[in-house]
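Q: Quick one: this structure, given as structure tokens, is what I'll be asking you about.
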Amino acid sequence: MIDMHCHILPGIDDGAQTVEESLALLALEKEQGIKKIVFTPHFNPERQDMEEFLSARQRSFEALKNAEGFSEIGIDTKLGCEVFFSMRLIEMDISKLAFENAKYILIEFPVMNRPYGITRTMQNILERGYTPILAHVERYEYFTHDPVKLYDLVSIGCVAQVNAAAVVNPANVKGVNALQYINWELAHIICSDAHSAEKRPPNTKAAYRLVQKKLGSQYEDWLIKNSYDIFNNRYFDEPVMQKPKKFLGRWR
């Protein structure tokens with residue numbers, strides 16, 4: 001399995017703060033069956049200088065890569081980042097923010113209020129040959145209360161990601177939950193979004209098991225295939241989406 005959204009690099013954001021914490025998280029990832037990881041520390045174009053961020057990310061990665069015990073874990077890694085949405089992305093060199101040697105870029109939105117310019121910015125990224133991966137879509141109230149808004153973005157070519165914790169604990173999500181998104185093929189990959197071995201550990205194994213139990217092994221296989229295609233920078237197969245419809249007050 002592959003994890004393409006995590007905060008494991010040491011001392012760069014609100015995830016692992018030390019190399020020791022990073023190694024502990026990587027060990028947990030391996031226990032979950034993760035063989036490949038994209039490191040995705042937070043980057044905010046409105047608050048951070050891109051070149052300074054990239055330098056800090058490289059220093060953090062070097063500290064982890066050179067740490068005793070890193071190579072023994074045996075996980076294949078790439079660099080990426082979780083980019084907070086900004087219309088400034090239209091003017092930026094997003095190649096430096098995309099996954100390493102790939103044309104995919106992880107984008108985070110504000111949780112409560114849908115920002116102006118989402119569709120225009122996503123279309124611009126797509127027109128430049130990059131595919132936005134929308135991070136933890138189950139968190140955004142404007143999607144969970146009206147999933148057609150997510151459907152519209154996936155329809156133009158965006159990929160959507162859900163967190164493993166939201167799959168395992170769907171009751172904690174208001175409105176449409178992660179399993180519903182997967183069932184509609186409006187969510188295409190599961191990631192850990194791991195921050196801490198104690199408070200926010202990786203739990204992708206349980207999420208995939210629940211998908212298999214609730215939706216069937218074909219969905220589990222589909223999610224895993226999507227992850228490998230993205231990690232290897234292969235063309236992402238267009239999903240056979242269901243457009244959500246509201247019936248008697250519930251989305252179906």
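Residues are named by chain letter and number: chains run A, B, ... in the order of the structure tokens, numbers start at 1 in each chain, and ligands are numbered from 1 in the order shown.
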Run DSSP on the backbone and grab whatever in range 157-202 of chain A lands in strand (DSSP E or B); send it over as an mmCIF file with N, CA, C and O atoms, in the first residue's frame.
A:
data_model
loop_
_atom_site.group_PDB
_atom_site.id
_atom_site.type_symbol
_atom_site.label_atom_id
_atom_site.label_comp_id
_atom_site.auth_asym_id
_atom_site.auth_seq_id
_atom_site.Cartn_x
_atom_site.Cartn_y
_atom_site.Cartn_z
ATOM 1 N N VAL A 159 -8.732 14.778 -8.443
ATOM 2 C CA VAL A 159 -8.760 13.535 -7.678
ATOM 3 C C VAL A 159 -9.073 13.898 -6.233
ATOM 4 O O VAL A 159 -8.637 14.942 -5.739
ATOM 5 N N ALA A 160 -9.843 13.064 -5.546
ATOM 6 C CA ALA A 160 -10.194 13.346 -4.158
ATOM 7 C C ALA A 160 -9.642 12.270 -3.232
ATOM 8 O O ALA A 160 -9.660 11.083 -3.559
ATOM 9 N N GLN A 161 -9.172 12.718 -2.075
ATOM 10 C CA GLN A 161 -8.579 11.829 -1.071
ATOM 11 C C GLN A 161 -9.376 11.902 0.222
ATOM 12 O O GLN A 161 -9.859 12.976 0.599
ATOM 13 N N VAL A 162 -9.531 10.761 0.897
ATOM 14 C CA VAL A 162 -10.130 10.738 2.227
ATOM 15 C C VAL A 162 -9.114 10.187 3.221
ATOM 16 O O VAL A 162 -8.238 9.406 2.862
ATOM 17 N N ASN A 163 -9.261 10.603 4.463
ATOM 18 C CA ASN A 163 -8.382 10.109 5.517
ATOM 19 C C ASN A 163 -8.845 8.755 6.029
ATOM 20 O O ASN A 163 -10.052 8.499 6.138
ATOM 21 N N ILE A 189 -8.565 7.793 -3.330
ATOM 22 C CA ILE A 189 -7.454 7.232 -2.565
ATOM 23 C C ILE A 189 -7.690 7.452 -1.078
ATOM 24 O O ILE A 189 -8.364 8.411 -0.678
ATOM 25 N N ILE A 190 -7.134 6.546 -0.284
ATOM 26 C CA ILE A 190 -7.142 6.666 1.173
ATOM 27 C C ILE A 190 -5.712 6.936 1.625
ATOM 28 O O ILE A 190 -4.784 6.271 1.182
ATOM 29 N N CYS A 191 -5.547 7.912 2.505
ATOM 30 C CA CYS A 191 -4.226 8.223 3.065
ATOM 31 C C CYS A 191 -4.339 8.366 4.577
ATOM 32 O O CYS A 191 -5.435 8.501 5.119
ATOM 33 N N ALA A 194 -1.122 11.081 8.808
ATOM 34 C CA ALA A 194 -0.519 10.835 10.119
ATOM 35 C C ALA A 194 0.310 12.037 10.575
ATOM 36 O O ALA A 194 1.055 12.623 9.797
ATOM 37 N N SER A 196 1.212 12.042 14.392
ATOM 38 C CA SER A 196 1.815 11.657 15.667
ATOM 39 C C SER A 196 1.550 10.184 15.939
ATOM 40 O O SER A 196 0.458 9.675 15.658
ATOM 41 N N ARG A 200 -2.285 10.940 16.376
ATOM 42 C CA ARG A 200 -2.793 10.792 15.010
ATOM 43 C C ARG A 200 -1.929 9.798 14.242
ATOM 44 O O ARG A 200 -1.217 10.150 13.317
#
Q: Might you pull out every residue within 10 Å of Gly157 in chain A, with only C-alpha atoms counted and same-chain residues fewer than 3 positions away left off, and present them as a list of chain:residue names?
A: A:Met122, A:Gln123, A:Leu126, A:Tyr130, A:Thr131, A:Pro132, A:Ile133, A:Asp152, A:Leu153, A:Val154, A:Ala160, A:Phe236, A:Glu238, A:Pro239
Q: Put those residues in a file: all heavy atoms, as a short mmCIF file (atom, residue, chain, number, x, y, z; two decimals), in the first residue's frame.
A:
data_model
loop_
_atom_site.label_atom_id
_atom_site.label_comp_id
_atom_site.auth_asym_id
_atom_site.auth_seq_id
_atom_site.Cartn_x
_atom_site.Cartn_y
_atom_site.Cartn_z
N MET A 122 -8.39 25.33 -9.95
CA MET A 122 -8.20 23.93 -10.29
C MET A 122 -8.12 23.74 -11.80
O MET A 122 -7.31 22.94 -12.30
CB MET A 122 -9.34 23.08 -9.71
CG MET A 122 -9.44 23.06 -8.18
SD MET A 122 -7.92 22.53 -7.32
CE MET A 122 -7.31 24.13 -6.72
N GLN A 123 -8.93 24.47 -12.55
CA GLN A 123 -8.87 24.38 -14.01
C GLN A 123 -7.52 24.85 -14.53
O GLN A 123 -6.95 24.25 -15.45
CB GLN A 123 -9.99 25.21 -14.62
CG GLN A 123 -11.37 24.57 -14.52
CD GLN A 123 -12.46 25.45 -15.08
OE1 GLN A 123 -12.39 26.67 -15.02
NE2 GLN A 123 -13.50 24.83 -15.62
N LEU A 126 -5.00 22.10 -13.93
CA LEU A 126 -5.21 21.02 -14.90
C LEU A 126 -4.72 21.41 -16.29
O LEU A 126 -4.12 20.59 -17.00
CB LEU A 126 -6.70 20.66 -14.94
CG LEU A 126 -7.23 19.90 -13.72
CD1 LEU A 126 -8.73 20.06 -13.61
CD2 LEU A 126 -6.85 18.43 -13.80
N TYR A 130 -1.08 19.35 -14.64
CA TYR A 130 -1.00 18.79 -13.30
C TYR A 130 -2.40 18.43 -12.81
O TYR A 130 -3.38 19.07 -13.17
CB TYR A 130 -0.35 19.78 -12.33
CG TYR A 130 1.11 20.00 -12.62
CD1 TYR A 130 1.52 20.94 -13.57
CD2 TYR A 130 2.09 19.26 -11.98
CE1 TYR A 130 2.85 21.12 -13.86
CE2 TYR A 130 3.43 19.43 -12.26
CZ TYR A 130 3.81 20.37 -13.21
OH TYR A 130 5.14 20.55 -13.51
N THR A 131 -2.47 17.39 -11.97
CA THR A 131 -3.75 16.95 -11.43
C THR A 131 -3.83 17.29 -9.95
O THR A 131 -3.02 16.80 -9.15
CB THR A 131 -3.92 15.43 -11.60
OG1 THR A 131 -3.89 15.11 -12.99
CG2 THR A 131 -5.26 14.96 -11.02
N PRO A 132 -4.79 18.12 -9.55
CA PRO A 132 -4.97 18.40 -8.12
C PRO A 132 -5.55 17.19 -7.40
O PRO A 132 -6.51 16.57 -7.88
CB PRO A 132 -5.97 19.56 -8.12
CG PRO A 132 -6.03 20.07 -9.52
CD PRO A 132 -5.70 18.90 -10.40
N ILE A 133 -4.95 16.86 -6.26
CA ILE A 133 -5.53 15.87 -5.35
C ILE A 133 -6.12 16.66 -4.19
O ILE A 133 -5.39 17.35 -3.47
CB ILE A 133 -4.47 14.88 -4.84
CG1 ILE A 133 -3.82 14.12 -6.00
CG2 ILE A 133 -5.10 13.90 -3.85
CD1 ILE A 133 -2.66 13.23 -5.57
N ASP A 152 -18.65 18.18 -9.07
CA ASP A 152 -18.30 19.13 -10.13
C ASP A 152 -16.79 19.25 -10.30
O ASP A 152 -16.29 19.33 -11.43
CB ASP A 152 -18.89 20.51 -9.82
CG ASP A 152 -20.41 20.53 -9.93
OD1 ASP A 152 -20.98 19.62 -10.58
OD2 ASP A 152 -21.03 21.45 -9.35
N LEU A 153 -16.03 19.21 -9.21
CA LEU A 153 -14.57 19.31 -9.30
C LEU A 153 -13.95 18.02 -9.84
O LEU A 153 -13.01 18.05 -10.63
CB LEU A 153 -13.98 19.66 -7.94
CG LEU A 153 -14.26 21.08 -7.44
CD1 LEU A 153 -13.75 21.25 -6.01
CD2 LEU A 153 -13.62 22.12 -8.35
N VAL A 154 -14.48 16.88 -9.41
CA VAL A 154 -13.99 15.60 -9.93
C VAL A 154 -14.32 15.49 -11.42
O VAL A 154 -13.54 14.95 -12.20
CB VAL A 154 -14.58 14.43 -9.13
CG1 VAL A 154 -14.19 13.09 -9.76
CG2 VAL A 154 -14.09 14.47 -7.67
N ALA A 160 -9.84 13.06 -5.55
CA ALA A 160 -10.19 13.35 -4.16
C ALA A 160 -9.64 12.27 -3.23
O ALA A 160 -9.66 11.08 -3.56
CB ALA A 160 -11.71 13.45 -4.00
N PHE A 236 -4.36 8.61 -14.55
CA PHE A 236 -5.39 8.20 -13.60
C PHE A 236 -6.67 7.89 -14.36
O PHE A 236 -7.22 8.74 -15.06
CB PHE A 236 -5.63 9.32 -12.58
CG PHE A 236 -6.65 8.98 -11.53
CD1 PHE A 236 -6.30 8.22 -10.43
CD2 PHE A 236 -7.95 9.42 -11.65
CE1 PHE A 236 -7.23 7.90 -9.47
CE2 PHE A 236 -8.89 9.11 -10.69
CZ PHE A 236 -8.53 8.35 -9.60
N GLU A 238 -10.31 7.58 -15.44
CA GLU A 238 -11.49 8.38 -15.09
C GLU A 238 -12.49 7.51 -14.34
O GLU A 238 -12.88 6.44 -14.83
CB GLU A 238 -12.13 8.95 -16.34
CG GLU A 238 -13.30 9.88 -16.06
CD GLU A 238 -13.84 10.54 -17.31
OE1 GLU A 238 -13.08 10.63 -18.29
OE2 GLU A 238 -15.01 10.94 -17.29
N PRO A 239 -12.93 7.91 -13.15
CA PRO A 239 -13.85 7.08 -12.38
C PRO A 239 -15.25 7.07 -13.01
O PRO A 239 -15.63 7.98 -13.74
CB PRO A 239 -13.88 7.78 -11.01
CG PRO A 239 -13.52 9.20 -11.30
CD PRO A 239 -12.56 9.15 -12.45
#
Q: Using only C-alpha atoms, pick whichever of A:Pro244, A:Ala67, A:Lys225, A:Phe85 has the shortest atom-to-atom distance to Phe143 in chain A.
A: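 Looking at the shortest contact to Phe143 in chain A, the residue is A:Pro244.
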Q: Nearest to Lys103 in chain A: which of A:Ile230, A:Cys6, A:Ile90, A:Val240 is it, counting only C-alpha atoms?
A: A:Ile230
Q: Per DSSP on the backbone, what are the alpha helix (DSSP H) residues of range 16-234 of chain A, as JSON, numbers by chain?
A: {"A": [19, 20, 21, 22, 23, 24, 25, 26, 27, 28, 29, 30, 31, 50, 51, 52, 53, 54, 55, 56, 57, 58, 59, 60, 61, 62, 63, 64, 65, 70, 71, 72, 73, 118, 119, 120, 121, 122, 123, 124, 125, 126, 127, 141, 142, 143, 144, 148, 149, 150, 151, 152, 153, 154, 155, 164, 165, 166, 167, 168, 178, 179, 180, 181, 182, 183, 204, 205, 206, 207, 208, 209, 210, 211, 212, 213, 214, 215, 217, 218, 219, 220, 221, 222, 223, 224, 225, 226, 227, 228, 229, 230, 231]}
Q: So the first atom is CA of Thr144 in chain A and the second is CA of Ala166 in chain A; what is the distance between them in Å, to one decimal place?
A: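 Straight-line distance from CA of Thr144 in chain A to CA of Ala166 in chain A works out to 12.4 Å.
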Q: List as a ChimeraX atom specification the protein and nucleic acid residues near Trp222 in chain A, meaning an atom at most 12 Å away when only C-alpha atoms are counted, but skip any in the same chain fewer than 3 places from it.
A: /A:1,182-183,185,187-190,208,211-212,215-219,225-229,236-240
Q: Which one of A:Lys65, A:Arg120, A:Lys245, A:Arg128 sits closest to Ile94 in chain A if you count only C-alpha atoms?
A: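 Selected residue with least distance to Ile94 in chain A: A:Arg128.
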Q: Pick from A:His5, A:Arg250, A:Arg59, A:Arg139: nearest to Phe99 in chain A, with only C-alpha atoms counted?
A: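 Of A:His5, A:Arg250, A:Arg59, A:Arg139, the one nearest Phe99 in chain A, counting only C-alpha atoms, is A:His5.
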Q: Please provide as a short mmCIF file (atom, residue, chain, number, x, y, z; two decimals) with all heavy atoms, in the first residue's frame all residues within 12 Å of Pro10 in chain A, with the sequence filter that same-chain residues fewer than 2 positions apart are discarded (counting only C-alpha atoms).
A:
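Result written to result.cif:
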data_model
loop_
_atom_site.label_atom_id
_atom_site.label_comp_id
_atom_site.auth_asym_id
_atom_site.auth_seq_id
_atom_site.Cartn_x
_atom_site.Cartn_y
_atom_site.Cartn_z
N CYS A 6 0.91 12.61 4.57
CA CYS A 6 1.36 12.38 5.93
C CYS A 6 2.28 13.53 6.34
O CYS A 6 2.81 14.26 5.51
CB CYS A 6 2.09 11.05 6.06
SG CYS A 6 3.58 10.94 5.06
N HIS A 7 2.45 13.66 7.65
CA HIS A 7 3.27 14.74 8.19
C HIS A 7 4.36 14.12 9.08
O HIS A 7 4.35 14.25 10.29
CB HIS A 7 2.38 15.73 8.94
CG HIS A 7 1.36 16.35 8.03
ND1 HIS A 7 1.61 17.48 7.30
CD2 HIS A 7 0.12 15.93 7.68
CE1 HIS A 7 0.56 17.78 6.56
NE2 HIS A 7 -0.36 16.84 6.77
N ILE A 8 5.25 13.43 8.40
CA ILE A 8 6.27 12.62 9.06
C ILE A 8 7.64 13.29 9.09
O ILE A 8 8.44 13.04 9.99
CB ILE A 8 6.35 11.23 8.38
CG1 ILE A 8 5.07 10.43 8.68
CG2 ILE A 8 7.57 10.44 8.83
CD1 ILE A 8 5.00 9.07 8.01
N ILE A 12 9.09 20.41 10.68
CA ILE A 12 8.77 21.35 9.61
C ILE A 12 7.33 21.85 9.67
O ILE A 12 7.01 22.90 9.13
CB ILE A 12 9.07 20.73 8.23
CG1 ILE A 12 9.01 21.79 7.13
CG2 ILE A 12 8.16 19.56 7.93
CD1 ILE A 12 9.50 21.32 5.78
N ASP A 13 6.44 21.12 10.33
CA ASP A 13 5.06 21.58 10.47
C ASP A 13 4.49 21.05 11.78
O ASP A 13 5.24 20.84 12.75
CB ASP A 13 4.21 21.20 9.25
CG ASP A 13 4.11 19.68 9.02
OD1 ASP A 13 4.55 18.92 9.90
OD2 ASP A 13 3.59 19.27 7.97
N ASP A 14 3.18 20.80 11.83
CA ASP A 14 2.55 20.35 13.07
C ASP A 14 2.59 18.84 13.23
O ASP A 14 1.92 18.30 14.12
CB ASP A 14 1.10 20.85 13.13
CG ASP A 14 0.25 20.34 11.98
OD1 ASP A 14 0.82 19.93 10.94
OD2 ASP A 14 -0.99 20.37 12.10
N GLY A 15 3.36 18.15 12.40
CA GLY A 15 3.52 16.71 12.52
C GLY A 15 4.68 16.35 13.43
O GLY A 15 4.87 16.96 14.49
N ALA A 16 5.46 15.35 13.04
CA ALA A 16 6.60 14.92 13.85
C ALA A 16 7.55 16.08 14.10
O ALA A 16 7.85 16.86 13.18
CB ALA A 16 7.34 13.79 13.14
N GLN A 17 8.03 16.18 15.31
CA GLN A 17 8.92 17.30 15.67
C GLN A 17 10.39 16.89 15.72
O GLN A 17 11.28 17.74 15.57
CB GLN A 17 8.50 17.88 17.02
CG GLN A 17 7.12 18.52 16.99
CD GLN A 17 7.01 19.61 15.93
OE1 GLN A 17 7.75 20.60 15.97
NE2 GLN A 17 6.11 19.43 14.98
N THR A 18 10.66 15.61 15.92
CA THR A 18 12.04 15.14 16.01
C THR A 18 12.24 13.97 15.06
O THR A 18 11.28 13.32 14.62
CB THR A 18 12.37 14.68 17.44
OG1 THR A 18 11.58 13.53 17.76
CG2 THR A 18 12.10 15.79 18.45
N VAL A 19 13.50 13.67 14.77
CA VAL A 19 13.82 12.52 13.93
C VAL A 19 13.32 11.24 14.57
O VAL A 19 12.82 10.34 13.89
CB VAL A 19 15.34 12.46 13.68
CG1 VAL A 19 15.73 11.13 13.05
CG2 VAL A 19 15.78 13.61 12.78
N GLU A 20 13.42 11.16 15.89
CA GLU A 20 12.96 9.97 16.60
C GLU A 20 11.46 9.76 16.41
O GLU A 20 11.00 8.63 16.20
CB GLU A 20 13.30 10.08 18.09
CG GLU A 20 14.78 9.99 18.42
CD GLU A 20 15.56 11.23 18.03
OE1 GLU A 20 14.94 12.32 17.89
OE2 GLU A 20 16.79 11.12 17.85
N GLU A 21 10.69 10.85 16.46
CA GLU A 21 9.25 10.74 16.23
C GLU A 21 8.97 10.32 14.79
O GLU A 21 8.05 9.53 14.53
CB GLU A 21 8.58 12.08 16.53
CG GLU A 21 8.54 12.44 18.00
CD GLU A 21 7.90 13.79 18.25
OE1 GLU A 21 7.25 14.33 17.32
OE2 GLU A 21 8.05 14.33 19.35
N SER A 22 9.74 10.84 13.86
CA SER A 22 9.57 10.47 12.45
C SER A 22 9.83 8.98 12.25
O SER A 22 9.08 8.30 11.55
CB SER A 22 10.53 11.29 11.57
OG SER A 22 10.24 12.67 11.66
N LEU A 23 10.89 8.48 12.84
CA LEU A 23 11.22 7.06 12.71
C LEU A 23 10.13 6.18 13.32
O LEU A 23 9.80 5.11 12.79
CB LEU A 23 12.58 6.77 13.35
CG LEU A 23 13.80 7.36 12.64
CD1 LEU A 23 15.04 7.19 13.49
CD2 LEU A 23 13.99 6.72 11.27
N ALA A 24 9.57 6.63 14.45
CA ALA A 24 8.49 5.87 15.08
C ALA A 24 7.27 5.82 14.17
O ALA A 24 6.62 4.77 14.04
CB ALA A 24 8.14 6.49 16.43
N LEU A 25 6.95 6.93 13.51
CA LEU A 25 5.82 6.96 12.59
C LEU A 25 6.08 6.07 11.38
O LEU A 25 5.18 5.36 10.91
CB LEU A 25 5.54 8.39 12.14
CG LEU A 25 4.66 9.23 13.06
CD1 LEU A 25 4.69 10.70 12.64
CD2 LEU A 25 3.23 8.71 13.06
N LEU A 26 7.30 6.10 10.87
CA LEU A 26 7.63 5.24 9.73
C LEU A 26 7.52 3.76 10.10
O LEU A 26 7.07 2.95 9.28
CB LEU A 26 9.04 5.55 9.23
CG LEU A 26 9.21 6.84 8.43
CD1 LEU A 26 10.68 7.09 8.10
CD2 LEU A 26 8.40 6.78 7.13
N PHE A 39 6.05 12.24 1.35
CA PHE A 39 6.07 13.15 2.49
C PHE A 39 5.42 14.47 2.07
O PHE A 39 5.85 15.10 1.10
CB PHE A 39 7.50 13.41 2.96
CG PHE A 39 8.20 12.20 3.52
CD1 PHE A 39 9.44 11.81 3.03
CD2 PHE A 39 7.64 11.47 4.54
CE1 PHE A 39 10.10 10.71 3.56
CE2 PHE A 39 8.29 10.36 5.07
CZ PHE A 39 9.52 9.98 4.58
N THR A 40 4.39 14.90 2.81
CA THR A 40 3.62 16.08 2.39
C THR A 40 3.48 17.11 3.53
O THR A 40 2.37 17.30 4.06
CB THR A 40 2.23 15.66 1.90
OG1 THR A 40 1.57 14.90 2.95
CG2 THR A 40 2.32 14.82 0.64
N PRO A 41 4.54 17.79 3.91
CA PRO A 41 4.41 18.84 4.93
C PRO A 41 3.55 19.98 4.42
O PRO A 41 3.42 20.21 3.22
CB PRO A 41 5.85 19.28 5.16
CG PRO A 41 6.57 18.94 3.89
CD PRO A 41 5.92 17.67 3.41
N ALA A 56 13.78 24.23 3.57
CA ALA A 56 13.51 23.63 4.89
C ALA A 56 13.07 22.18 4.74
O ALA A 56 13.47 21.31 5.53
CB ALA A 56 12.45 24.44 5.62
N ARG A 57 12.25 21.90 3.73
CA ARG A 57 11.82 20.53 3.50
C ARG A 57 12.99 19.63 3.16
O ARG A 57 13.08 18.50 3.66
CB ARG A 57 10.79 20.51 2.36
CG ARG A 57 10.20 19.13 2.09
CD ARG A 57 9.28 19.13 0.88
NE ARG A 57 10.01 19.36 -0.37
CZ ARG A 57 9.47 19.31 -1.57
NH1 ARG A 57 8.17 19.07 -1.70
NH2 ARG A 57 10.19 19.54 -2.66
N GLN A 58 13.91 20.12 2.34
CA GLN A 58 15.08 19.31 1.98
C GLN A 58 15.96 19.04 3.18
O GLN A 58 16.44 17.91 3.37
CB GLN A 58 15.89 20.01 0.88
CG GLN A 58 17.01 19.17 0.30
CD GLN A 58 16.53 17.90 -0.37
OE1 GLN A 58 15.46 17.89 -1.00
NE2 GLN A 58 17.28 16.82 -0.25
N ARG A 59 16.16 20.05 4.03
CA ARG A 59 16.98 19.85 5.24
C ARG A 59 16.32 18.82 6.16
O ARG A 59 17.00 17.96 6.73
CB ARG A 59 17.16 21.18 5.98
CG ARG A 59 18.05 22.18 5.27
CD ARG A 59 18.45 23.31 6.20
NE ARG A 59 17.30 24.06 6.69
CZ ARG A 59 16.76 25.12 6.08
NH1 ARG A 59 17.29 25.53 4.93
NH2 ARG A 59 15.74 25.75 6.60
N SER A 60 15.01 18.91 6.29
CA SER A 60 14.28 17.96 7.14
C SER A 60 14.41 16.55 6.59
O SER A 60 14.65 15.59 7.36
CB SER A 60 12.81 18.38 7.23
OG SER A 60 12.08 17.47 8.00
N PHE A 61 14.25 16.41 5.29
CA PHE A 61 14.36 15.10 4.67
C PHE A 61 15.76 14.52 4.82
O PHE A 61 15.93 13.33 5.11
CB PHE A 61 13.99 15.19 3.19
CG PHE A 61 14.16 13.89 2.44
CD1 PHE A 61 13.44 12.76 2.79
CD2 PHE A 61 15.06 13.80 1.39
CE1 PHE A 61 13.60 11.56 2.11
CE2 PHE A 61 15.23 12.61 0.70
CZ PHE A 61 14.50 11.48 1.06
N GLU A 62 16.78 15.36 4.64
CA GLU A 62 18.16 14.89 4.78
C GLU A 62 18.43 14.41 6.20
O GLU A 62 19.11 13.40 6.41
CB GLU A 62 19.14 16.01 4.40
CG GLU A 62 19.12 16.40 2.94
CD GLU A 62 19.67 15.33 2.02
OE1 GLU A 62 20.46 14.50 2.49
OE2 GLU A 62 19.30 15.31 0.82
N ALA A 63 17.90 15.15 7.18
CA ALA A 63 18.09 14.74 8.58
C ALA A 63 17.47 13.37 8.83
O ALA A 63 18.05 12.53 9.54
CB ALA A 63 17.48 15.79 9.51
N LEU A 64 16.29 13.14 8.25
CA LEU A 64 15.64 11.84 8.44
C LEU A 64 16.35 10.75 7.66
O LEU A 64 16.60 9.65 8.19
CB LEU A 64 14.18 11.95 7.99
CG LEU A 64 13.34 10.67 8.06
CD1 LEU A 64 13.30 10.11 9.48
CD2 LEU A 64 11.91 10.94 7.56
N LYS A 65 16.69 11.04 6.42
CA LYS A 65 17.32 10.03 5.56
C LYS A 65 18.66 9.58 6.12
O LYS A 65 19.03 8.40 5.96
CB LYS A 65 17.52 10.62 4.16
CG LYS A 65 18.08 9.64 3.15
CD LYS A 65 18.14 10.27 1.76
CE LYS A 65 19.20 11.36 1.69
NZ LYS A 65 19.40 11.85 0.30
N ALA A 67 19.47 9.49 9.28
CA ALA A 67 19.34 9.01 10.65
C ALA A 67 19.57 7.50 10.72
O ALA A 67 19.23 6.75 9.80
CB ALA A 67 17.96 9.35 11.20
N HIS A 195 0.16 12.37 11.87
CA HIS A 195 0.91 13.47 12.47
C HIS A 195 1.73 13.02 13.67
O HIS A 195 2.78 13.58 13.95
CB HIS A 195 -0.04 14.57 12.95
CG HIS A 195 -0.55 15.49 11.89
ND1 HIS A 195 -1.34 15.05 10.85
CD2 HIS A 195 -0.38 16.83 11.71
CE1 HIS A 195 -1.65 16.10 10.07
NE2 HIS A 195 -1.08 17.17 10.56
N SER A 196 1.21 12.04 14.39
CA SER A 196 1.81 11.66 15.67
C SER A 196 1.55 10.18 15.94
O SER A 196 0.46 9.67 15.66
CB SER A 196 1.23 12.52 16.80
OG SER A 196 1.44 11.93 18.06
#
Q: Find the residues around Val38 in chain A up to 7 Å (only C-alpha atoms counted), leave out those fewer than 5 positions away in its own chain, and share them as a short mmCIF file (atom, residue, chain, number, x, y, z; two decimals) with all heavy atoms, in the first residue's frame.
A:
data_model
loop_
_atom_site.label_atom_id
_atom_site.label_comp_id
_atom_site.auth_asym_id
_atom_site.auth_seq_id
_atom_site.Cartn_x
_atom_site.Cartn_y
_atom_site.Cartn_z
N ASP A 3 1.05 5.55 1.01
CA ASP A 3 0.51 6.69 1.76
C ASP A 3 1.02 7.96 1.10
O ASP A 3 2.22 8.21 1.07
CB ASP A 3 0.96 6.62 3.23
CG ASP A 3 0.21 7.61 4.11
OD1 ASP A 3 -0.67 8.32 3.58
OD2 ASP A 3 0.51 7.67 5.31
N MET A 4 0.10 8.78 0.60
CA MET A 4 0.49 9.99 -0.11
C MET A 4 0.04 11.26 0.59
O MET A 4 -0.01 12.33 -0.02
CB MET A 4 -0.06 9.95 -1.55
CG MET A 4 0.65 8.91 -2.40
SD MET A 4 0.05 8.85 -4.09
CE MET A 4 -1.51 8.02 -3.81
N HIS A 5 -0.25 11.15 1.87
CA HIS A 5 -0.57 12.33 2.67
C HIS A 5 -0.20 12.02 4.11
O HIS A 5 -0.87 11.25 4.79
CB HIS A 5 -2.05 12.68 2.56
CG HIS A 5 -2.45 13.88 3.34
ND1 HIS A 5 -3.75 14.36 3.37
CD2 HIS A 5 -1.73 14.74 4.12
CE1 HIS A 5 -3.82 15.43 4.12
NE2 HIS A 5 -2.60 15.67 4.60
N THR A 77 10.39 6.37 -0.73
CA THR A 77 9.85 7.69 -0.40
C THR A 77 9.98 8.68 -1.55
O THR A 77 10.87 8.58 -2.39
CB THR A 77 10.54 8.28 0.84
OG1 THR A 77 11.92 8.54 0.54
CG2 THR A 77 10.44 7.34 2.03
N LYS A 78 9.06 9.64 -1.55
CA LYS A 78 9.10 10.79 -2.44
C LYS A 78 8.77 12.04 -1.64
O LYS A 78 8.13 11.97 -0.59
CB LYS A 78 8.08 10.66 -3.57
CG LYS A 78 8.44 9.70 -4.67
CD LYS A 78 7.41 9.80 -5.80
CE LYS A 78 7.79 8.94 -6.99
NZ LYS A 78 6.87 9.15 -8.13
N LEU A 79 9.18 13.19 -2.17
CA LEU A 79 8.84 14.46 -1.54
C LEU A 79 7.63 15.08 -2.24
O LEU A 79 7.48 14.99 -3.46
CB LEU A 79 10.02 15.43 -1.60
CG LEU A 79 11.23 15.07 -0.74
CD1 LEU A 79 12.36 16.07 -0.99
CD2 LEU A 79 10.85 15.04 0.73
N GLY A 80 6.78 15.70 -1.43
CA GLY A 80 5.65 16.45 -1.93
C GLY A 80 5.30 17.49 -0.89
O GLY A 80 6.13 17.84 -0.04
#
Q: Could you check which of A:Pro45, A:Gly175, A:Pro115, A:Gly33 is closest to Ala206 in chain A, using only C-alpha atoms?
A: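 That would be A:Gly33, the residue with the smallest distance to Ala206 in chain A.
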Q: When distances are computed from only C-alpha atoms, which of A:Phe43, A:Tyr235, A:Tyr140, A:Tyr116 shows the smallest separation from Phe84 in chain A?
A: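 The closest residue to Phe84 in chain A is A:Phe43.
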